[in-house]
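See below for model_16.tsv, which holds TSV, N, CA and C atoms.
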```
chain	number	residue	atom	x	y	z
A	804	MET	N	-18.14	1.32	-4.78
A	804	MET	CA	-18.81	0.57	-5.82
A	804	MET	C	-18.92	-0.88	-5.35
A	805	VAL	N	-20.05	-1.52	-5.57
A	805	VAL	CA	-20.26	-2.92	-5.20
A	805	VAL	C	-20.66	-3.69	-6.44
A	806	THR	N	-19.97	-4.78	-6.72
A	806	THR	CA	-20.29	-5.66	-7.84
A	806	THR	C	-20.49	-7.06	-7.31
A	807	LEU	N	-21.70	-7.59	-7.44
A	807	LEU	CA	-22.02	-8.93	-6.97
A	807	LEU	C	-21.64	-9.13	-5.51
A	808	GLY	N	-21.86	-8.10	-4.69
A	808	GLY	CA	-21.57	-8.20	-3.26
A	808	GLY	C	-20.11	-8.04	-2.89
A	809	VAL	N	-19.26	-7.78	-3.87
A	809	VAL	CA	-17.83	-7.61	-3.61
A	809	VAL	C	-17.47	-6.14	-3.81
A	810	ARG	N	-16.90	-5.55	-2.80
A	810	ARG	CA	-16.49	-4.15	-2.92
A	810	ARG	C	-15.24	-4.04	-3.79
A	811	ARG	N	-15.23	-3.04	-4.62
A	811	ARG	CA	-14.08	-2.72	-5.45
A	811	ARG	C	-13.51	-1.40	-4.95
A	812	TRP	N	-12.24	-1.38	-4.66
A	812	TRP	CA	-11.60	-0.18	-4.13
A	812	TRP	C	-10.79	0.50	-5.22
A	813	GLU	N	-10.73	1.80	-5.14
A	813	GLU	CA	-9.86	2.58	-6.00
A	813	GLU	C	-8.83	3.22	-5.09
A	814	THR	N	-7.58	2.97	-5.36
A	814	THR	CA	-6.50	3.51	-4.53
A	814	THR	C	-5.96	4.77	-5.20
A	815	LEU	N	-5.96	5.85	-4.47
A	815	LEU	CA	-5.45	7.12	-4.96
A	815	LEU	C	-4.13	7.42	-4.27
A	816	ALA	N	-3.24	8.10	-4.96
A	816	ALA	CA	-1.95	8.43	-4.38
A	816	ALA	C	-1.53	9.82	-4.85
A	817	GLY	N	-0.79	10.50	-4.02
A	817	GLY	CA	-0.29	11.81	-4.39
A	817	GLY	C	0.60	12.37	-3.30
A	818	SER	N	1.30	13.43	-3.63
A	818	SER	CA	2.20	14.07	-2.69
A	818	SER	C	2.23	15.56	-3.00
A	819	VAL	N	2.39	16.36	-1.99
A	819	VAL	CA	2.41	17.82	-2.15
A	819	VAL	C	3.72	18.36	-1.61
A	820	GLN	N	4.34	19.19	-2.38
A	820	GLN	CA	5.59	19.83	-1.94
A	820	GLN	C	5.28	20.88	-0.89
A	821	GLY	N	6.03	20.87	0.19
A	821	GLY	CA	5.82	21.81	1.28
A	821	GLY	C	6.11	23.25	0.89
A	822	VAL	N	5.45	24.16	1.57
A	822	VAL	CA	5.65	25.59	1.32
A	822	VAL	C	7.10	25.95	1.64
A	823	GLY	N	7.74	26.62	0.75
A	823	GLY	CA	9.12	27.06	0.96
A	823	GLY	C	10.16	25.97	0.71
A	824	LYS	N	9.74	24.80	0.24
A	824	LYS	CA	10.68	23.71	-0.06
A	824	LYS	C	11.05	23.77	-1.54
A	825	LYS	N	12.32	23.53	-1.84
A	825	LYS	CA	12.77	23.56	-3.23
A	825	LYS	C	12.37	22.29	-3.99
A	826	ARG	N	12.18	21.20	-3.24
A	826	ARG	CA	11.73	19.97	-3.89
A	826	ARG	C	11.04	19.07	-2.88
A	827	ASN	N	10.27	18.16	-3.41
A	827	ASN	CA	9.53	17.23	-2.58
A	827	ASN	C	10.39	15.98	-2.37
A	828	GLN	N	10.64	15.60	-1.12
A	828	GLN	CA	11.50	14.46	-0.85
A	828	GLN	C	10.73	13.28	-0.25
A	829	ASP	N	9.41	13.29	-0.41
A	829	ASP	CA	8.60	12.18	0.08
A	829	ASP	C	8.62	11.04	-0.93
A	830	TRP	N	8.25	9.86	-0.45
A	830	TRP	CA	8.16	8.71	-1.35
A	830	TRP	C	7.01	7.83	-0.88
A	831	PHE	N	6.30	7.25	-1.82
A	831	PHE	CA	5.19	6.37	-1.47
A	831	PHE	C	5.00	5.33	-2.56
A	832	THR	N	4.29	4.28	-2.23
A	832	THR	CA	3.87	3.29	-3.22
A	832	THR	C	2.57	2.65	-2.76
A	833	CYS	N	1.82	2.21	-3.70
A	833	CYS	CA	0.64	1.40	-3.42
A	833	CYS	C	0.57	0.36	-4.55
A	834	GLN	N	0.41	-0.87	-4.16
A	834	GLN	CA	0.37	-1.95	-5.15
A	834	GLN	C	-0.52	-3.07	-4.66
A	835	GLY	N	-1.05	-3.80	-5.58
A	835	GLY	CA	-1.95	-4.90	-5.26
A	835	GLY	C	-3.39	-4.48	-5.39
A	836	THR	N	-4.27	-5.47	-5.42
A	836	THR	CA	-5.70	-5.21	-5.61
A	836	THR	C	-6.49	-5.30	-4.32
A	837	GLY	N	-5.89	-5.83	-3.28
A	837	GLY	CA	-6.60	-6.00	-2.01
A	837	GLY	C	-7.30	-7.34	-1.89
A	838	SER	N	-7.07	-8.23	-2.85
A	838	SER	CA	-7.66	-9.57	-2.78
A	838	SER	C	-6.77	-10.48	-1.94
A	839	GLY	N	-7.28	-11.65	-1.61
A	839	GLY	CA	-6.49	-12.61	-0.85
A	839	GLY	C	-5.24	-13.06	-1.60
A	840	GLU	N	-5.33	-13.12	-2.91
A	840	GLU	CA	-4.19	-13.54	-3.74
A	840	GLU	C	-3.23	-12.40	-4.05
A	841	ASP	N	-3.74	-11.18	-3.97
A	841	ASP	CA	-2.94	-9.99	-4.32
A	841	ASP	C	-3.21	-8.89	-3.30
A	842	PRO	N	-2.66	-9.01	-2.07
A	842	PRO	CA	-2.97	-8.04	-1.02
A	842	PRO	C	-2.52	-6.62	-1.38
A	843	LEU	N	-3.24	-5.68	-0.83
A	843	LEU	CA	-2.92	-4.27	-1.04
A	843	LEU	C	-1.81	-3.87	-0.08
A	844	LEU	N	-0.72	-3.36	-0.63
A	844	LEU	CA	0.40	-2.88	0.17
A	844	LEU	C	0.51	-1.37	0.00
A	845	LEU	N	0.55	-0.68	1.11
A	845	LEU	CA	0.70	0.77	1.11
A	845	LEU	C	1.89	1.14	1.97
A	846	ALA	N	2.70	2.06	1.49
A	846	ALA	CA	3.85	2.51	2.28
A	846	ALA	C	4.11	3.98	1.96
A	847	VAL	N	4.45	4.74	3.01
A	847	VAL	CA	4.71	6.17	2.88
A	847	VAL	C	5.91	6.53	3.75
A	848	ALA	N	6.81	7.36	3.21
A	848	ALA	CA	7.92	7.89	4.01
A	848	ALA	C	8.03	9.38	3.71
A	849	ASP	N	8.17	10.15	4.76
A	849	ASP	CA	8.24	11.61	4.67
A	849	ASP	C	9.70	12.03	4.73
A	850	GLY	N	10.24	12.49	3.59
A	850	GLY	CA	11.60	13.02	3.58
A	850	GLY	C	11.64	14.38	4.25
A	851	HIS	N	12.79	14.76	4.80
A	851	HIS	CA	12.90	16.03	5.52
A	851	HIS	C	12.63	17.22	4.62
A	852	GLY	N	13.20	17.18	3.42
A	852	GLY	CA	12.94	18.24	2.47
A	852	GLY	C	13.70	19.53	2.69
A	853	SER	N	14.71	19.52	3.54
A	853	SER	CA	15.46	20.75	3.77
A	853	SER	C	16.88	20.62	3.20
A	854	ALA	N	17.53	21.76	3.04
A	854	ALA	CA	18.88	21.77	2.49
A	854	ALA	C	19.85	20.97	3.35
A	855	ALA	N	19.64	20.96	4.66
A	855	ALA	CA	20.52	20.21	5.57
A	855	ALA	C	20.39	18.71	5.37
A	856	HIS	N	19.30	18.28	4.77
A	856	HIS	CA	19.06	16.84	4.53
A	856	HIS	C	18.80	16.65	3.04
A	857	ALA	N	19.78	17.02	2.23
A	857	ALA	CA	19.63	17.07	0.78
A	857	ALA	C	19.34	15.71	0.15
A	858	ARG	N	19.67	14.62	0.83
A	858	ARG	CA	19.43	13.30	0.25
A	858	ARG	C	18.34	12.53	0.99
A	859	SER	N	17.48	13.22	1.70
A	859	SER	CA	16.43	12.52	2.44
A	859	SER	C	15.45	11.84	1.50
A	860	ASP	N	15.39	12.27	0.23
A	860	ASP	CA	14.56	11.57	-0.74
A	860	ASP	C	15.04	10.13	-0.93
A	861	LEU	N	16.35	9.94	-0.89
A	861	LEU	CA	16.90	8.58	-1.02
A	861	LEU	C	16.55	7.72	0.19
A	862	GLY	N	16.63	8.31	1.39
A	862	GLY	CA	16.26	7.58	2.59
A	862	GLY	C	14.79	7.22	2.60
A	863	ALA	N	13.93	8.14	2.16
A	863	ALA	CA	12.50	7.87	2.09
A	863	ALA	C	12.21	6.75	1.10
A	864	ARG	N	12.85	6.81	-0.04
A	864	ARG	CA	12.64	5.75	-1.05
A	864	ARG	C	13.16	4.41	-0.54
A	865	PHE	N	14.32	4.40	0.09
A	865	PHE	CA	14.88	3.16	0.64
A	865	PHE	C	13.92	2.56	1.67
A	866	ALA	N	13.37	3.39	2.54
A	866	ALA	CA	12.46	2.90	3.58
A	866	ALA	C	11.22	2.26	2.96
A	867	VAL	N	10.63	2.91	1.97
A	867	VAL	CA	9.43	2.37	1.32
A	867	VAL	C	9.76	1.08	0.58
A	868	ASP	N	10.83	1.09	-0.20
A	868	ASP	CA	11.19	-0.11	-0.97
A	868	ASP	C	11.51	-1.29	-0.06
A	869	ARG	N	12.20	-1.03	1.02
A	869	ARG	CA	12.57	-2.09	1.97
A	869	ARG	C	11.32	-2.66	2.65
A	870	PHE	N	10.43	-1.78	3.07
A	870	PHE	CA	9.20	-2.24	3.71
A	870	PHE	C	8.38	-3.11	2.76
A	871	VAL	N	8.21	-2.64	1.53
A	871	VAL	CA	7.40	-3.40	0.57
A	871	VAL	C	8.03	-4.76	0.28
A	872	GLY	N	9.33	-4.81	0.17
A	872	GLY	CA	10.01	-6.09	-0.05
A	872	GLY	C	9.75	-7.08	1.07
A	873	ARG	N	9.81	-6.60	2.30
A	873	ARG	CA	9.55	-7.48	3.46
A	873	ARG	C	8.06	-7.83	3.57
A	874	ALA	N	7.19	-6.86	3.27
A	874	ALA	CA	5.75	-7.11	3.35
A	874	ALA	C	5.30	-8.13	2.31
A	875	GLU	N	5.93	-8.12	1.13
A	875	GLU	CA	5.60	-9.10	0.11
A	875	GLU	C	5.93	-10.51	0.58
A	876	LEU	N	7.03	-10.66	1.29
A	876	LEU	CA	7.40	-11.97	1.83
A	876	LEU	C	6.39	-12.42	2.89
A	877	PHE	N	5.93	-11.49	3.71
A	877	PHE	CA	4.97	-11.79	4.76
A	877	PHE	C	3.60	-12.14	4.17
A	878	ALA	N	3.19	-11.35	3.16
A	878	ALA	CA	1.87	-11.53	2.56
A	878	ALA	C	1.81	-12.85	1.81
```
Show this structure as structure tokens.
Amino acid sequence: MVTLGVRRWETLAGSVQGVGKKRNQDWFTCQGTGSGEDPLLLAVADGHGSAAHARSDLGARFAVDRFVGRAELFA
């Protein structure tokens, strides 16, 4: 979509649980509008999703949250 020569973006997000997995351990975030004052930040972490890595959802969330915190300081 273009409004007055400025593109407007729509950010979509989603996650799919793997075949044979009891739960989805991925984590993601998208925030911001993509403007100079409010940059768009995207982060994704893929949790293992297996019984041997039962808390990989926490590691995935930590990685995304940590990245976004540092990216906000940079932006």
Item to check | Point (10.6, 6.1, 2.6), cut-off 6 Å, counting all atoms listed in the file, residues as JSON, numbers by chain | outcome: {"A": [830, 847, 848, 849, 862, 863, 864, 865, 866, 867, 868]}
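Atom pair CA of Leu815 in chain A / CA of Phe877 in chain A has a distance of 23.7 Å (rounded to one decimal).
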From the DSSP assignment of the backbone, select every residue of range 815-870 of chain A that is strand (DSSP E), and format the answer as a PDB file with N, CA and C atoms, in the coordinates of the input.
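result_27.pdb, written as the output of this step:
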```pdb
ATOM      1  N   TRP A 830       8.250   9.860  -0.450  1.00  0.00           N
ATOM      2  CA  TRP A 830       8.160   8.710  -1.350  1.00  0.00           C
ATOM      3  C   TRP A 830       7.010   7.830  -0.880  1.00  0.00           C
ATOM      4  N   PHE A 831       6.300   7.250  -1.820  1.00  0.00           N
ATOM      5  CA  PHE A 831       5.190   6.370  -1.470  1.00  0.00           C
ATOM      6  C   PHE A 831       5.000   5.330  -2.560  1.00  0.00           C
ATOM      7  N   THR A 832       4.290   4.280  -2.230  1.00  0.00           N
ATOM      8  CA  THR A 832       3.870   3.290  -3.220  1.00  0.00           C
ATOM      9  C   THR A 832       2.570   2.650  -2.760  1.00  0.00           C
ATOM     10  N   CYS A 833       1.820   2.210  -3.700  1.00  0.00           N
ATOM     11  CA  CYS A 833       0.640   1.400  -3.420  1.00  0.00           C
ATOM     12  C   CYS A 833       0.570   0.360  -4.550  1.00  0.00           C
ATOM     13  N   GLN A 834       0.410  -0.870  -4.160  1.00  0.00           N
ATOM     14  CA  GLN A 834       0.370  -1.950  -5.150  1.00  0.00           C
ATOM     15  C   GLN A 834      -0.520  -3.070  -4.660  1.00  0.00           C
ATOM     16  N   LEU A 844      -0.720  -3.360  -0.630  1.00  0.00           N
ATOM     17  CA  LEU A 844       0.400  -2.880   0.170  1.00  0.00           C
ATOM     18  C   LEU A 844       0.510  -1.370   0.000  1.00  0.00           C
ATOM     19  N   LEU A 845       0.550  -0.680   1.110  1.00  0.00           N
ATOM     20  CA  LEU A 845       0.700   0.770   1.110  1.00  0.00           C
ATOM     21  C   LEU A 845       1.890   1.140   1.970  1.00  0.00           C
ATOM     22  N   ALA A 846       2.700   2.060   1.490  1.00  0.00           N
ATOM     23  CA  ALA A 846       3.850   2.510   2.280  1.00  0.00           C
ATOM     24  C   ALA A 846       4.110   3.980   1.960  1.00  0.00           C
ATOM     25  N   VAL A 847       4.450   4.740   3.010  1.00  0.00           N
ATOM     26  CA  VAL A 847       4.710   6.170   2.880  1.00  0.00           C
ATOM     27  C   VAL A 847       5.910   6.530   3.750  1.00  0.00           C
ATOM     28  N   ALA A 848       6.810   7.360   3.210  1.00  0.00           N
ATOM     29  CA  ALA A 848       7.920   7.890   4.010  1.00  0.00           C
ATOM     30  C   ALA A 848       8.030   9.380   3.710  1.00  0.00           C
TER      31      ALA A 848
END
```
Checklist entry - Looking only at the backbone, which of the residues in chain A does DSSP tag as helix (DSSP H, G or I), as a ChimeraX atom specification? => result /A:854-856,859-877
Item to check | Test item: residues at most 7 Å from Asn827 in chain A, all atoms listed in the file, excluding those fewer than 6 positions along its chain, as an MDAnalysis selection string | outcome: chainID A and resid 819:821 850 852 860
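Nearest to His856 in chain A of all the residues A:Lys824, A:Leu844, A:Thr814, A:Val871 is A:Lys824, based on only C-alpha atoms.
The spacing separating atom N of Ala816 in chain A from atom N of Asp829 in chain A amounts to 14.4 Å.
The closest residue to Phe831 in chain A, picked from A:Leu861, A:Ala878, A:Leu845, A:Ala854 and counting all atoms listed in the file, is A:Leu845.
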Item to check | Between CA of Gln828 in chain A and CA of Ala846 in chain A - distance in Å to one decimal | outcome: 14.5 Å
